[in-house]
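One structure is given here, and the rest of the page talks about it.
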Amino acid sequence: LDETSLPIDLLLSVRRDGRATLGSQIEEQLRSAIRSGGLRPGARIPSTRDLAHQLGVSRRITVEAYAQLAAEGYLTLRQGARPRVSDTARIPGAVIEARAAPQPPPRFDFRPSMPDVSAFPRRAWMRSLREAVNAITDADLGYGDMRGIDTLRSALADYLGRVRGVVADPEHVIVTSGYSQGLGLVAHALAARGATRIAVEHPGYPEQTLIVARAGLEAVPVPVDDSGLRVDALPSVDAVVVAPAHQHPTGVVLSPERRAGLLAWLREHDAVAVEDDYDAESRYDRPGIGALQGLDRDRVVYAGSASKTLAPALRLGWLVVPPHLSDAVATEKMVADGGSARIEQLAFADFLARGEFDRHLRRMRARYRARRRAVVAALAGELPEATVHGIPAGLHVTLRLPEGHDLDAIHAEARRRRIELETSADYGLPSPPLLMLGFARIPEPAIRAGVRELAATIRAAADS
Ligand SMILES: Cc1ncc(COP(=O)(O)O)c(C=O)c1O
């Protein structure tokens with residue numbers, strides 16, 4: 001197939017009232033589109049034959065207009081190839097985007113929160129995606145139910161009941177674009193019925209403060225200790241966001257007493273909790289503790305995500321909403337985006353039904369368990385003065401340094417050595433000095449060297 005025969009549309013129009021010739025109108029519109037950046041450098045444009053046909057003018061006119069623009073340096077014309085907008089460098093006044101020079105990759109990437117996406121189950125996902133495209137009904141190719149595709153809501157209800165002890169009626173499951181959107185939808189629904197204040201853990205997932213603020217709620221920080229959220233420190237709020245299974249970033253679990261205390265508090269204050277269960281599947285010493293939602297389905301909104309288990313790029317999350325809030329949250333979903341992408345939902349339902357999700361989790365758990373163990377062993381050897389906090393779970397270890405370490409100096413030294421990491425200063429808590437060391441993406445053989453380099457970084461920062 002000759003490349004020039006591929007049809008390409010171009011938004012041009014010509015007037016035949018005689019004020020300007022047809023050729024000069026074509027030239028002027030192309031020139032101005034290229035100068036303004038609407039037609040970008042290298043962009044393909046229609047062949048002269050195609051454009052002549054689209055505009056209903058003779059081919060001679062388009063050939064001459066293109067030749068003129070090529071002579072001026074706007075277009076590149078080559079025999080047998082699609083005409084293109086040429087390099088902007090030669091066009092005066094053209095908009096040239098500054099491209100940041102690519103940064104070399106970090107030598108050791110200890111940032112928390114990211115799973116090892118290099119292990120994304122591409123083949124199994126492709127199979128489910130292909131199956132979804134084949135199987136999706138014409139009805140499901142429309143907007144359908146804002147809460148999500150029936151088969152996925154049922155599959156999620158089964159999965160969450162089995163693995164997380166969530167009591168879920170598919171009626172009240174809402175598929176979202178990740179946890180982030182789920183929290184935003186709940187916040188909007190609460191604000192619409194008069195809520196004004198919502199408690200968030202401090203330190204906690206930084207983005208959530210912004211998310212609830214956009215819904216018009218005031219985020220009230222509540223401290224966290226070794227038993228999780230300080231329920232005794234809860235102020236007067238309409239809702240509480242909490243990560244009971246594995247608090248982020250401290251890595252602690254909400255103790256049984258605190259769980260009971262929180263549920264009692266919610267009942268007493270007629271409030272609801274949003275349970276962020278973002279990485280409950282990554283527990284390495286025993287099965288995860290059941291979700292808080294299973295203890296009170298009328299007071300707890302359960303929120304989950306595929307971001308830690310599969311990949312953030314999927315933007316797949318889910319809510320299990322108390323019946324009294326379910327319609328209000330579904331309305332917010334409709335307002336936000338008219339429902340999540342349905343082919344991907346069907347693919348995920350197929351992925352769950354085939355047992356691929358369980359298989360993937362089992363594989364990743366073994367991989368993460370080994371990496372975590374290697375990091376903890378290396379830390380004991382290289383940084384004996386520091387202590388590891390939190391349970392064997394999640395995608396990072398929380399390392400407590402002795403008092404007196406300057407986290408800004410550690411950050412600066414790490415940058416110099418091309419080591420990526422996060423500290424408690426990134427969460428607005430410089431003391432006690434904590435490092436959040438993600439281990440998910442560092443292959444086991446590189447861990448010892450990475451931790452040695454980290455220890456050298458901390459010593460150099462202390463000496464400087
Ligand atoms: C504490 C916490 N909750 C939830 C998420 C997941 O967010 P999402 O599902 O929007 O990707 C993250 C991701 O970094 C997180 O750290």
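Residue numbering restarts at 1 for every chain of the structure tokens, chains are lettered A, B, ... in their displayed order, and ligands are numbered from 1 as they appear.
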Could you build a table of the residues in chain A lying no more than 6 Å from ligand 1, giving for each the nearest pair of atoms and their separation in Å rounded to one decimal place, using only C-alpha atoms and all ligand atoms, ordered by chain and ascending residue number, as a tab-separated table?
```
residue	atom	partner	partner_atom_place_in_ligand_line	distance
A:Ser113	CA	ligand 1	14 (O)	4.9
A:Gly178	CA	ligand 1	9 (O)	3.5
A:Tyr179	CA	ligand 1	9 (O)	3.6
A:Ser180	CA	ligand 1	10 (O)	3.7
A:Tyr205	CA	ligand 1	1 (C)	4.7
A:His248	CA	ligand 1	1 (C)	4.9
A:Asp276	CA	ligand 1	3 (N)	5.9
A:Tyr278	CA	ligand 1	4 (C)	4.8
A:Ser305	CA	ligand 1	9 (O)	4.5
A:Ser307	CA	ligand 1	11 (O)	4.8
A:Pro312	CA	ligand 1	11 (O)	5.1
A:Gly317	CA	ligand 1	9 (O)	5.7
```
Report task. Please identify all polymer residues within 10 Å of Leu30 in chain A, counting only C-alpha atoms, omitting same-chain residues fewer than 4 positions from it, and present them as a list in words. Result ->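 The residues that qualify are Leu10, Leu11, Leu12, Ser24, Gln25, Ile26, Ile34, Arg35, Ser36, Gly38, Leu39, Ile45, Ala65, Tyr66, Leu69, Tyr74, Leu75 and Val85 of chain A.
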Residues from the last selection, C-alpha atoms, saved as a short mmCIF file (atom, residue, chain, number, x, y, z; two decimals), in the first residue's frame:
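Once everything was written out, this is again09.cif:
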```cif
data_model
loop_
_atom_site.label_atom_id
_atom_site.label_comp_id
_atom_site.auth_asym_id
_atom_site.auth_seq_id
_atom_site.Cartn_x
_atom_site.Cartn_y
_atom_site.Cartn_z
CA LEU A 10 -7.50 18.09 7.79
CA LEU A 11 -9.62 20.95 9.06
CA LEU A 12 -9.31 23.44 6.18
CA SER A 24 -3.42 31.28 -1.25
CA GLN A 25 -6.22 30.38 1.18
CA ILE A 26 -4.83 26.85 1.53
CA ILE A 34 2.00 25.33 11.68
CA ARG A 35 3.08 28.63 13.23
CA SER A 36 0.57 28.34 16.08
CA GLY A 38 -1.78 23.31 15.92
CA LEU A 39 0.04 21.27 13.28
CA ILE A 45 -0.98 15.96 6.30
CA ALA A 65 0.24 25.42 -2.61
CA TYR A 66 2.30 22.54 -1.18
CA LEU A 69 5.01 25.89 1.49
CA TYR A 74 6.99 24.62 6.24
CA LEU A 75 6.51 21.24 4.57
CA VAL A 85 5.14 19.35 8.45
#
```
Near-range 207-220 of chain A list (7 Å; only C-alpha atoms; drop same-chain fewer than 4 positions) as a list in words: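 Residues meeting the cut-off are Gly184, Ala187, His188, Ala191, Thr196, Arg197, Ile198, Ala199 and Val200 of chain A.
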For this session: Give me the residues within 12 Å of Asp9 in chain A as a list of chain:residue names, counting only C-alpha atoms and dropping any in the same chain fewer than 3 places off.
Result: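 In the requested form, the answer reads A:Leu6, A:Leu12, A:Ser13, A:Arg44, A:Ile45, A:Pro46, A:Ser47, A:Asp50, A:Leu51, A:Ala52, A:His53, A:Gln54, A:Leu55.
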With C-alpha atoms retained, export the selected residues as a PDB file, in the first residue's frame.
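Contents of again.pdb, as written:
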```pdb
ATOM      1  CA  LEU A   6      -4.037   6.551   3.351  1.00  0.00           C
ATOM      2  CA  LEU A  12      -9.313  23.437   6.176  1.00  0.00           C
ATOM      3  CA  SER A  13     -11.962  25.307   4.301  1.00  0.00           C
ATOM      4  CA  ARG A  44       1.315  13.981   8.573  1.00  0.00           C
ATOM      5  CA  ILE A  45      -0.985  15.960   6.301  1.00  0.00           C
ATOM      6  CA  PRO A  46      -3.191  14.802   3.407  1.00  0.00           C
ATOM      7  CA  SER A  47      -1.655  14.096   0.011  1.00  0.00           C
ATOM      8  CA  ASP A  50      -6.619  13.734  -1.033  1.00  0.00           C
ATOM      9  CA  LEU A  51      -6.782  17.413  -0.033  1.00  0.00           C
ATOM     10  CA  ALA A  52      -7.986  18.439  -3.494  1.00  0.00           C
ATOM     11  CA  HIS A  53     -10.749  15.850  -3.152  1.00  0.00           C
ATOM     12  CA  GLN A  54     -11.691  16.961   0.388  1.00  0.00           C
ATOM     13  CA  LEU A  55     -11.944  20.620  -0.646  1.00  0.00           C
TER      14      LEU A  55
END
```
(request) Could you check how far CA of Ile343 in chain A sits from CA of Tyr159 in chain A, in Å to one decimal? (result)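 Computed distance, CA of Ile343 in chain A to CA of Tyr159 in chain A, equals 19.7 Å.
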Please identify every residue of range 83-160 of chain A that has at least one atom no farther than 12 Å from an atom of range 345-350 of chain A, counting only C-alpha atoms, and for each give the shortest atom pair and the distance in Å to one decimal, arranged by chain then increasing number, as CSV.
```
residue,atom,partner,partner_atom,distance
A:Ala124,CA,A:Asp350,CA,10.0
A:Trp125,CA,A:Ala347,CA,7.4
A:Met126,CA,A:Ala347,CA,8.5
A:Arg127,CA,A:Ala347,CA,8.4
A:Ser128,CA,A:Ala347,CA,4.8
A:Leu129,CA,A:Ala347,CA,4.7
A:Arg130,CA,A:Ala347,CA,7.8
A:Glu131,CA,A:Ala347,CA,7.1
A:Ala132,CA,A:Ala347,CA,5.1
A:Val133,CA,A:Ala347,CA,8.2
A:Asn134,CA,A:Ala347,CA,10.4
A:Ala135,CA,A:Leu346,CA,8.6
A:Ile136,CA,A:Leu346,CA,7.4
A:Thr137,CA,A:Leu346,CA,10.5
A:Asp140,CA,A:Leu346,CA,9.5
A:Leu141,CA,A:Leu346,CA,10.9
A:Arg147,CA,A:Gln345,CA,11.0
A:Gly148,CA,A:Gln345,CA,7.5
A:Ile149,CA,A:Gln345,CA,6.7
A:Asp150,CA,A:Leu346,CA,9.1
A:Thr151,CA,A:Ala349,CA,6.3
A:Leu152,CA,A:Ala349,CA,4.6
A:Arg153,CA,A:Ala349,CA,8.2
A:Ser154,CA,A:Ala349,CA,8.6
A:Ala155,CA,A:Ala349,CA,6.1
A:Leu156,CA,A:Ala349,CA,7.9
A:Ala157,CA,A:Ala349,CA,11.1
A:Asp158,CA,A:Ala349,CA,11.0
A:Tyr159,CA,A:Ala349,CA,10.4
```
Report task. Would you mind writing down, as a PyMOL selection string, each residue of range 193-284 of chain A that DSSP on the backbone assigns to alpha helix (DSSP H)? Result -> chain A and resi 207-214+256-268
Writing out the chosen residues with N, CA and C atoms as an mmCIF file, in the first residue's frame:
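Dumped everything to again-v3.cif:
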```cif
data_model
loop_
_atom_site.group_PDB
_atom_site.id
_atom_site.type_symbol
_atom_site.label_atom_id
_atom_site.label_comp_id
_atom_site.auth_asym_id
_atom_site.auth_seq_id
_atom_site.Cartn_x
_atom_site.Cartn_y
_atom_site.Cartn_z
ATOM 1 N N GLU A 207 -1.841 12.464 49.130
ATOM 2 C CA GLU A 207 -2.826 12.935 48.150
ATOM 3 C C GLU A 207 -4.235 13.000 48.717
ATOM 4 N N GLN A 208 -4.499 12.207 49.768
ATOM 5 C CA GLN A 208 -5.905 12.135 50.180
ATOM 6 C C GLN A 208 -6.412 13.442 50.782
ATOM 7 N N THR A 209 -5.502 14.232 51.353
ATOM 8 C CA THR A 209 -5.910 15.525 51.905
ATOM 9 C C THR A 209 -6.451 16.421 50.786
ATOM 10 N N LEU A 210 -5.733 16.403 49.670
ATOM 11 C CA LEU A 210 -6.142 17.200 48.514
ATOM 12 C C LEU A 210 -7.470 16.677 47.949
ATOM 13 N N ILE A 211 -7.592 15.356 47.899
ATOM 14 C CA ILE A 211 -8.795 14.750 47.316
ATOM 15 C C ILE A 211 -10.036 15.147 48.110
ATOM 16 N N VAL A 212 -9.971 15.048 49.432
ATOM 17 C CA VAL A 212 -11.169 15.381 50.209
ATOM 18 C C VAL A 212 -11.417 16.889 50.212
ATOM 19 N N ALA A 213 -10.312 17.677 50.147
ATOM 20 C CA ALA A 213 -10.489 19.131 50.115
ATOM 21 C C ALA A 213 -11.225 19.558 48.847
ATOM 22 N N ARG A 214 -10.951 18.883 47.731
ATOM 23 C CA ARG A 214 -11.633 19.213 46.471
ATOM 24 C C ARG A 214 -13.137 18.938 46.548
ATOM 25 N N PRO A 256 -6.611 -4.655 67.735
ATOM 26 C CA PRO A 256 -8.002 -5.082 67.950
ATOM 27 C C PRO A 256 -8.762 -4.110 68.859
ATOM 28 N N GLU A 257 -8.097 -3.584 69.890
ATOM 29 C CA GLU A 257 -8.787 -2.642 70.802
ATOM 30 C C GLU A 257 -9.176 -1.372 70.053
ATOM 31 N N ARG A 258 -8.256 -0.896 69.225
ATOM 32 C CA ARG A 258 -8.544 0.330 68.470
ATOM 33 C C ARG A 258 -9.661 0.097 67.455
ATOM 34 N N ARG A 259 -9.687 -1.083 66.833
ATOM 35 C CA ARG A 259 -10.756 -1.375 65.874
ATOM 36 C C ARG A 259 -12.108 -1.280 66.574
ATOM 37 N N ALA A 260 -12.192 -1.960 67.720
ATOM 38 C CA ALA A 260 -13.450 -1.937 68.472
ATOM 39 C C ALA A 260 -13.757 -0.505 68.896
ATOM 40 N N GLY A 261 -12.714 0.198 69.336
ATOM 41 C CA GLY A 261 -12.899 1.573 69.783
ATOM 42 C C GLY A 261 -13.383 2.468 68.645
ATOM 43 N N LEU A 262 -12.812 2.282 67.456
ATOM 44 C CA LEU A 262 -13.202 3.107 66.310
ATOM 45 C C LEU A 262 -14.667 2.851 65.931
ATOM 46 N N LEU A 263 -15.051 1.569 65.906
ATOM 47 C CA LEU A 263 -16.442 1.261 65.530
ATOM 48 C C LEU A 263 -17.416 1.857 66.552
ATOM 49 N N ALA A 264 -17.055 1.767 67.817
ATOM 50 C CA ALA A 264 -17.919 2.353 68.857
ATOM 51 C C ALA A 264 -18.002 3.863 68.667
ATOM 52 N N TRP A 265 -16.852 4.474 68.353
ATOM 53 C CA TRP A 265 -16.804 5.930 68.146
ATOM 54 C C TRP A 265 -17.710 6.324 66.978
ATOM 55 N N LEU A 266 -17.645 5.540 65.890
ATOM 56 C CA LEU A 266 -18.451 5.853 64.696
ATOM 57 C C LEU A 266 -19.945 5.819 65.036
ATOM 58 N N ARG A 267 -20.329 4.790 65.808
ATOM 59 C CA ARG A 267 -21.757 4.659 66.171
ATOM 60 C C ARG A 267 -22.180 5.827 67.055
ATOM 61 N N GLU A 268 -21.339 6.123 68.014
ATOM 62 C CA GLU A 268 -21.668 7.187 68.972
ATOM 63 C C GLU A 268 -21.803 8.538 68.282
#
```
Exercise for review: Rank nothing, just name the residue among A:Tyr143, A:Trp318, A:Gln79, A:Asp109 nearest to Glu422 in chain A, using only C-alpha atoms.
Suggested key: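 With only C-alpha atoms as the atom set, the closest residue is A:Asp109.
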Among A:Phe351, A:Gly56, A:Leu383, A:Arg283, Arg123 in chain A is approached most closely, using only C-alpha atoms, by A:Phe351
Give me the residues near range 285-301 of chain A as number ranges by chain, where near means some atom within 8 Å (using only C-alpha atoms) and where sequence neighbours in that chain fewer than 2 positions away do not count. A: 163-167, 244-245, 259, 263, 266-267, 271-275, 277, 280-283, 303, 319-324, 392-393
**Asked** Nearest to Pro221 in chain A among A:Asp116, A:Ile447, A:Tyr427, A:Gly37, with distances taken over only C-alpha atoms: which residue is it?
**Response**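 Looking only at the distances to Pro221 in chain A, the closest residue turns out to be A:Tyr427.
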